[in-house]
2 protein chains.
Amino acid sequence: MTVKLVVLYTQPSDADAFDRHYLGTHMPLVRAIPGLQRAESGRIGAYLDGGEQTFYRVAELYFADQQALEASFGSDEGKATAADYQQIAPPGSRMFVQAVDE
Amino acid sequence: MTVKLVVLYTQPSDADAFDRHYLGTHMPLVRAIPGLQRAESGRIGAYLDGGEQTFYRVAELYFADQQALEASFGSDEGKATAADYQQIAPPGSRMFVQAVDE
């Protein structure tokens, strides 16, 4: 069963600097992760629920299954990506694994 | 530019009843929405951030662009889906539009 690593980035203090780092440095690290099937990301436009604009950007990393996801995190590329994530993720950012319905 | 309607469902009081309604009633309504390119959904497994298990399920509806998304919401099928969403979404569920990076 396909699984995704989903990251919800909260609002950065400097959106332009965040996006520069995200697109120029972080995404190349993501794309080098072994076992990654697909990566999708994008900024949030409008909130339709009338609530707080908690999150700024969503990122989703697709893997064939839970085992492939875990293996990717043990790789050097996975560790480099995780280290960079720690540098850029604003406080309160969320990260979880989602099983994709077939 | 592809846009997604993203829904983050918070934890339902009865997960089995929620999933039954979600998969049996809500998803058929979603799939009938005109202009919908793709729908993807799934339950959240593990939280990797050590934080609260705020969300239970993620749903993403893909449209060709913002205009297609807005048109879909004006349709009878879109309105029926929105009405059903109001019935099932636990309090605190989030809904936003995300632009997908090309």
# chains A, B, ... in the order shown; residues from 1 in each chain; ligands from 1

call {"tool": "residues_around", "arguments": {"residues": "Pro91 of chain A", "least_positions_apart": "2", "cutoff": "12 Å", "atoms": "only C-alpha atoms", "output": "list in words"}}
result
Leu8, Tyr9, Thr10, Gln11, Pro12, Ser13, Thr54, Phe55, Tyr56, Tyr85, Gln86, Gln87, Ile88, Ala89, Ser93, Arg94 and Met95 of chain A; Asp49 and Gly51 of chain B

call {"tool": "write_last_selection", "arguments": {"atoms": "C-alpha atoms", "output": "PDB file, in the first residue's frame"}}
result
ATOM      1  CA  LEU A   8       2.512  20.793   6.960  1.00  0.00           C
ATOM      2  CA  TYR A   9       4.833  23.778   7.314  1.00  0.00           C
ATOM      3  CA  THR A  10       3.576  26.577   9.495  1.00  0.00           C
ATOM      4  CA  GLN A  11       4.013  30.234   8.478  1.00  0.00           C
ATOM      5  CA  PRO A  12       7.705  31.188   8.174  1.00  0.00           C
ATOM      6  CA  SER A  13       8.848  34.558   9.497  1.00  0.00           C
ATOM      7  CA  THR A  54      -1.958  27.881  10.489  1.00  0.00           C
ATOM      8  CA  PHE A  55      -0.064  26.298   7.619  1.00  0.00           C
ATOM      9  CA  TYR A  56       1.932  27.866   4.810  1.00  0.00           C
ATOM     10  CA  TYR A  85      14.154  19.972   7.569  1.00  0.00           C
ATOM     11  CA  GLN A  86      15.196  20.720  11.138  1.00  0.00           C
ATOM     12  CA  GLN A  87      16.831  23.919   9.861  1.00  0.00           C
ATOM     13  CA  ILE A  88      13.865  25.255   7.922  1.00  0.00           C
ATOM     14  CA  ALA A  89      10.633  23.967   9.497  1.00  0.00           C
ATOM     15  CA  SER A  93       5.076  22.273  11.654  1.00  0.00           C
ATOM     16  CA  ARG A  94       3.494  18.826  11.464  1.00  0.00           C
ATOM     17  CA  MET A  95       4.841  15.579  10.000  1.00  0.00           C
TER      18      MET A  95
ATOM     19  CA  ASP B  49       6.742  14.991  15.072  1.00  0.00           C
ATOM     20  CA  GLY B  51       2.922  16.149  18.596  1.00  0.00           C
TER      21      GLY B  51
END

call {"tool": "residues_around", "arguments": {"residues": "Gly42 of chain A", "least_positions_apart": "5", "cutoff": "8 Å", "atoms": "only C-alpha atoms", "output": "compact mmCIF listing (two decimals) with N, CA and C atoms, in the first residue's frame"}}
result
# COMPACT_ATOMS: atom_id res chain seq x y z
N ARG A 57 2.68 25.84 3.73
CA ARG A 57 3.05 24.98 2.61
C ARG A 57 2.84 23.53 3.00
N VAL A 58 2.49 22.72 2.00
CA VAL A 58 2.32 21.28 2.20
C VAL A 58 3.35 20.57 1.33
N ALA A 59 3.96 19.51 1.86
CA ALA A 59 4.84 18.67 1.07
C ALA A 59 4.45 17.22 1.28
N GLN B 98 -4.62 24.50 -2.19
CA GLN B 98 -3.16 24.48 -2.35
C GLN B 98 -2.80 24.51 -3.83
N ALA B 99 -1.90 25.40 -4.19
CA ALA B 99 -1.36 25.41 -5.55
C ALA B 99 -0.27 24.36 -5.61
N VAL B 100 -0.29 23.53 -6.65
CA VAL B 100 0.71 22.46 -6.75
C VAL B 100 1.89 22.95 -7.59
N ASP B 101 3.09 22.90 -7.01
CA ASP B 101 4.31 23.27 -7.74
C ASP B 101 4.46 22.38 -8.96

call {"tool": "residues_around", "arguments": {"residues": "Leu23 of chain A", "least_positions_apart": "5", "cutoff": "12 Å", "atoms": "only C-alpha atoms", "output": "list in words"}}
result
Ala15, Asp16, Ala17, Phe18, Pro28, Leu29, Val30, Arg31, Glu40, Ser41, Gly42, Arg43, Arg57, Ala59 and Ile88 of chain A; Asp101 and Glu102 of chain B

call {"tool": "select_by_dssp", "arguments": {"residues": "segment 53-88 of chain A", "states": "strand (DSSP E or B)", "output": "MDAnalysis selection string"}}
result
chainID A and resid 55:63

call {"tool": "write_last_selection", "arguments": {"atoms": "N, CA and C atoms", "output": "compact mmCIF listing (two decimals), in the first residue's frame"}}
result
# COMPACT_ATOMS: atom_id res chain seq x y z
N PHE A 55 -1.10 26.91 8.46
CA PHE A 55 -0.06 26.30 7.62
C PHE A 55 0.20 27.15 6.38
N TYR A 56 1.45 27.05 5.93
CA TYR A 56 1.93 27.87 4.81
C TYR A 56 2.14 27.03 3.55
N ARG A 57 2.68 25.84 3.73
CA ARG A 57 3.05 24.98 2.61
C ARG A 57 2.84 23.53 3.00
N VAL A 58 2.49 22.72 2.00
CA VAL A 58 2.32 21.28 2.20
C VAL A 58 3.35 20.57 1.33
N ALA A 59 3.96 19.51 1.86
CA ALA A 59 4.84 18.67 1.07
C ALA A 59 4.45 17.22 1.28
N GLU A 60 4.47 16.45 0.19
CA GLU A 60 4.10 15.04 0.27
C GLU A 60 5.12 14.21 -0.47
N LEU A 61 5.66 13.21 0.21
CA LEU A 61 6.65 12.30 -0.38
C LEU A 61 6.03 10.91 -0.45
N TYR A 62 5.95 10.37 -1.67
CA TYR A 62 5.31 9.07 -1.89
C TYR A 62 6.34 7.94 -1.91
N PHE A 63 5.97 6.84 -1.23
CA PHE A 63 6.79 5.62 -1.23
C PHE A 63 5.89 4.42 -1.50

call {"tool": "atom_distance", "arguments": {"atom1": "atom CA of Phe96 of chain A", "atom2": "atom CA of Tyr47 of chain B"}}
result
4.2 Å

call {"tool": "residues_around", "arguments": {"residues": "segment 70-82 of chain B", "least_positions_apart": "2", "cutoff": "6 Å", "atoms": "only C-alpha atoms", "output": "number ranges by chain"}}
result
B: 29, 33-34, 67-68, 84-85

call {"tool": "write_last_selection", "arguments": {"atoms": "all heavy atoms", "output": "short mmCIF file (atom, residue, chain, number, x, y, z; two decimals), in the first residue's frame"}}
result
data_model
loop_
_atom_site.label_atom_id
_atom_site.label_comp_id
_atom_site.auth_asym_id
_atom_site.auth_seq_id
_atom_site.Cartn_x
_atom_site.Cartn_y
_atom_site.Cartn_z
N LEU B 29 -19.95 10.85 -3.70
CA LEU B 29 -20.35 12.23 -4.01
C LEU B 29 -19.17 13.01 -4.59
O LEU B 29 -19.31 13.75 -5.56
CB LEU B 29 -20.86 12.93 -2.73
CG LEU B 29 -22.20 12.43 -2.18
CD1 LEU B 29 -22.46 13.01 -0.79
CD2 LEU B 29 -23.34 12.80 -3.13
N ILE B 33 -18.21 14.96 -8.81
CA ILE B 33 -18.03 16.40 -9.00
C ILE B 33 -17.46 16.67 -10.40
O ILE B 33 -16.42 16.13 -10.76
CB ILE B 33 -17.09 16.98 -7.92
CG1 ILE B 33 -17.72 16.86 -6.54
CG2 ILE B 33 -16.73 18.43 -8.23
CD1 ILE B 33 -16.79 17.28 -5.40
N PRO B 34 -18.12 17.52 -11.19
CA PRO B 34 -17.61 17.83 -12.52
C PRO B 34 -16.30 18.61 -12.43
O PRO B 34 -16.15 19.50 -11.59
CB PRO B 34 -18.72 18.69 -13.14
CG PRO B 34 -19.50 19.22 -11.99
CD PRO B 34 -19.39 18.21 -10.89
N GLN B 67 -10.07 28.20 -11.46
CA GLN B 67 -11.39 28.41 -12.09
C GLN B 67 -12.20 27.11 -12.10
O GLN B 67 -13.40 27.11 -11.81
CB GLN B 67 -11.16 28.92 -13.51
CG GLN B 67 -12.39 29.51 -14.17
CD GLN B 67 -12.07 30.08 -15.56
OE1 GLN B 67 -10.90 30.11 -15.96
NE2 GLN B 67 -13.09 30.51 -16.27
N ALA B 68 -11.54 26.01 -12.43
CA ALA B 68 -12.22 24.71 -12.46
C ALA B 68 -12.69 24.32 -11.05
O ALA B 68 -13.79 23.77 -10.87
CB ALA B 68 -11.29 23.64 -13.02
N ASP B 84 -22.77 17.23 2.53
CA ASP B 84 -22.39 16.00 3.22
C ASP B 84 -21.15 16.24 4.10
O ASP B 84 -21.06 15.70 5.21
CB ASP B 84 -22.14 14.88 2.22
CG ASP B 84 -22.00 13.53 2.91
OD1 ASP B 84 -22.97 13.09 3.55
OD2 ASP B 84 -20.91 12.93 2.83
N TYR B 85 -20.23 17.04 3.59
CA TYR B 85 -19.03 17.38 4.38
C TYR B 85 -19.45 18.02 5.72
O TYR B 85 -18.89 17.69 6.77
CB TYR B 85 -18.14 18.35 3.59
CG TYR B 85 -17.01 18.92 4.41
CD1 TYR B 85 -15.85 18.19 4.64
CD2 TYR B 85 -17.12 20.19 4.99
CE1 TYR B 85 -14.83 18.71 5.42
CE2 TYR B 85 -16.10 20.71 5.76
CZ TYR B 85 -14.95 19.96 5.97
OH TYR B 85 -13.95 20.46 6.76
#

call {"tool": "select_by_dssp", "arguments": {"residues": "segment 19-80 of chain B", "states": "helix (DSSP H, G or I)", "output": "list in words"}}
result
Asp19, Arg20, His21, Tyr22, Leu23, Gly24, Thr25, His26, Met27, Pro28, Leu29, Val30, Arg31, Gln66, Gln67, Ala68, Leu69, Glu70, Ala71, Ser72, Phe73, Gly74, Asp76, Glu77, Gly78, Lys79 and Ala80 of chain B

call {"tool": "closest_residue", "arguments": {"among": "A:Ala46, A:Val7, A:Leu36, A:Met1", "to": "chain B", "atoms": "only C-alpha atoms"}}
result
A:Ala46

call {"tool": "atom_distance", "arguments": {"atom1": "atom CA of Val3 of chain B", "atom2": "atom CA of Asp19 of chain A"}}
result
18.2 Å

call {"tool": "closest_residue", "arguments": {"among": "A:Leu69, A:Ile44, A:Ala64, A:Ala83", "to": "chain B", "atoms": "only C-alpha atoms"}}
result
A:Ile44

call {"tool": "decode", "arguments": {"residues": "segment 43-59 of chain B", "atoms": "all heavy atoms", "output": "compact mmCIF listing (two decimals), in the first residue's frame"}}
result
# COMPACT_ATOMS: atom_id res chain seq x y z
N ARG B 43 -6.15 7.44 5.67
CA ARG B 43 -6.01 7.66 7.10
C ARG B 43 -4.56 7.93 7.47
O ARG B 43 -3.64 7.43 6.82
CB ARG B 43 -6.49 6.42 7.87
CG ARG B 43 -7.99 6.25 7.79
CD ARG B 43 -8.43 4.93 8.38
NE ARG B 43 -8.12 4.85 9.80
CZ ARG B 43 -8.68 3.96 10.63
NH1 ARG B 43 -9.59 3.12 10.17
NH2 ARG B 43 -8.35 3.92 11.89
N ILE B 44 -4.39 8.70 8.50
CA ILE B 44 -3.05 8.97 9.01
C ILE B 44 -2.62 7.83 9.91
O ILE B 44 -3.41 7.35 10.73
CB ILE B 44 -3.03 10.32 9.76
CG1 ILE B 44 -3.36 11.46 8.79
CG2 ILE B 44 -1.68 10.54 10.44
CD1 ILE B 44 -3.55 12.80 9.42
N GLY B 45 -1.37 7.37 9.68
CA GLY B 45 -0.84 6.30 10.51
C GLY B 45 -0.12 6.89 11.70
O GLY B 45 -0.71 7.13 12.75
N ALA B 46 1.15 7.16 11.53
CA ALA B 46 1.98 7.62 12.65
C ALA B 46 2.30 9.10 12.51
O ALA B 46 2.53 9.60 11.41
CB ALA B 46 3.27 6.83 12.67
N TYR B 47 2.33 9.77 13.65
CA TYR B 47 2.85 11.15 13.71
C TYR B 47 4.34 11.07 14.02
O TYR B 47 4.72 10.46 15.01
CB TYR B 47 2.11 11.96 14.77
CG TYR B 47 0.79 12.47 14.27
CD1 TYR B 47 -0.34 11.68 14.30
CD2 TYR B 47 0.69 13.75 13.73
CE1 TYR B 47 -1.56 12.14 13.81
CE2 TYR B 47 -0.52 14.22 13.25
CZ TYR B 47 -1.64 13.42 13.30
OH TYR B 47 -2.83 13.87 12.80
N LEU B 48 5.15 11.69 13.16
CA LEU B 48 6.60 11.61 13.34
C LEU B 48 7.15 12.81 14.07
O LEU B 48 8.35 12.92 14.28
CB LEU B 48 7.28 11.49 11.97
CG LEU B 48 6.80 10.33 11.10
CD1 LEU B 48 7.63 10.24 9.82
CD2 LEU B 48 6.88 9.01 11.86
N ASP B 49 6.28 13.75 14.44
CA ASP B 49 6.74 14.99 15.07
C ASP B 49 6.57 14.96 16.59
O ASP B 49 6.88 15.94 17.26
CB ASP B 49 6.03 16.20 14.46
CG ASP B 49 4.51 16.08 14.55
OD1 ASP B 49 4.01 15.22 15.30
OD2 ASP B 49 3.82 16.84 13.86
N GLY B 50 6.06 13.86 17.10
CA GLY B 50 5.87 13.77 18.54
C GLY B 50 4.75 14.63 19.07
O GLY B 50 4.55 14.72 20.28
N GLY B 51 3.99 15.24 18.17
CA GLY B 51 2.92 16.15 18.60
C GLY B 51 1.59 15.45 18.75
O GLY B 51 1.49 14.22 18.62
N GLU B 52 0.58 16.25 18.99
CA GLU B 52 -0.79 15.77 19.19
C GLU B 52 -1.31 15.10 17.91
O GLU B 52 -0.98 15.54 16.81
CB GLU B 52 -1.67 16.99 19.51
CG GLU B 52 -2.93 16.68 20.26
CD GLU B 52 -3.76 17.97 20.42
OE1 GLU B 52 -3.17 19.06 20.41
OE2 GLU B 52 -4.99 17.85 20.55
N GLN B 53 -2.12 14.06 18.06
CA GLN B 53 -2.71 13.39 16.88
C GLN B 53 -3.96 14.16 16.44
O GLN B 53 -5.07 13.65 16.50
CB GLN B 53 -3.01 11.93 17.20
CG GLN B 53 -1.74 11.15 17.53
CD GLN B 53 -1.99 9.67 17.75
OE1 GLN B 53 -3.02 9.15 17.37
NE2 GLN B 53 -1.03 8.99 18.35
N THR B 54 -3.71 15.37 15.98
CA THR B 54 -4.80 16.30 15.67
C THR B 54 -5.72 15.77 14.57
O THR B 54 -6.94 15.83 14.69
CB THR B 54 -4.21 17.64 15.19
OG1 THR B 54 -3.14 18.01 16.05
CG2 THR B 54 -5.28 18.72 15.17
N PHE B 55 -5.10 15.26 13.50
CA PHE B 55 -5.87 14.89 12.32
C PHE B 55 -5.95 13.38 12.16
O PHE B 55 -5.05 12.64 12.56
CB PHE B 55 -5.26 15.54 11.07
CG PHE B 55 -5.15 17.03 11.19
CD1 PHE B 55 -3.91 17.65 11.28
CD2 PHE B 55 -6.29 17.82 11.25
CE1 PHE B 55 -3.80 19.03 11.41
CE2 PHE B 55 -6.19 19.20 11.38
CZ PHE B 55 -4.94 19.80 11.46
N TYR B 56 -7.07 12.95 11.56
CA TYR B 56 -7.38 11.54 11.41
C TYR B 56 -7.24 11.07 9.97
O TYR B 56 -6.75 9.97 9.71
CB TYR B 56 -8.82 11.31 11.88
CG TYR B 56 -9.37 9.95 11.59
CD1 TYR B 56 -8.95 8.85 12.31
CD2 TYR B 56 -10.33 9.75 10.59
CE1 TYR B 56 -9.45 7.58 12.06
CE2 TYR B 56 -10.85 8.49 10.33
CZ TYR B 56 -10.40 7.41 11.06
OH TYR B 56 -10.89 6.16 10.80
N ARG B 57 -7.66 11.92 9.05
CA ARG B 57 -7.71 11.55 7.64
C ARG B 57 -7.44 12.78 6.79
O ARG B 57 -7.79 13.89 7.18
CB ARG B 57 -9.09 10.97 7.30
CG ARG B 57 -9.30 10.61 5.83
CD ARG B 57 -10.70 10.05 5.56
NE ARG B 57 -10.82 8.64 5.87
CZ ARG B 57 -10.42 7.66 5.08
NH1 ARG B 57 -9.86 7.92 3.91
NH2 ARG B 57 -10.57 6.40 5.43
N VAL B 58 -6.80 12.56 5.64
CA VAL B 58 -6.54 13.63 4.69
C VAL B 58 -7.28 13.31 3.40
O VAL B 58 -7.31 12.15 2.98
CB VAL B 58 -5.03 13.77 4.37
CG1 VAL B 58 -4.78 14.91 3.40
CG2 VAL B 58 -4.22 13.95 5.66
N ALA B 59 -7.87 14.32 2.78
CA ALA B 59 -8.48 14.15 1.46
C ALA B 59 -7.99 15.27 0.55
O ALA B 59 -7.86 16.42 0.99
CB ALA B 59 -10.00 14.20 1.56
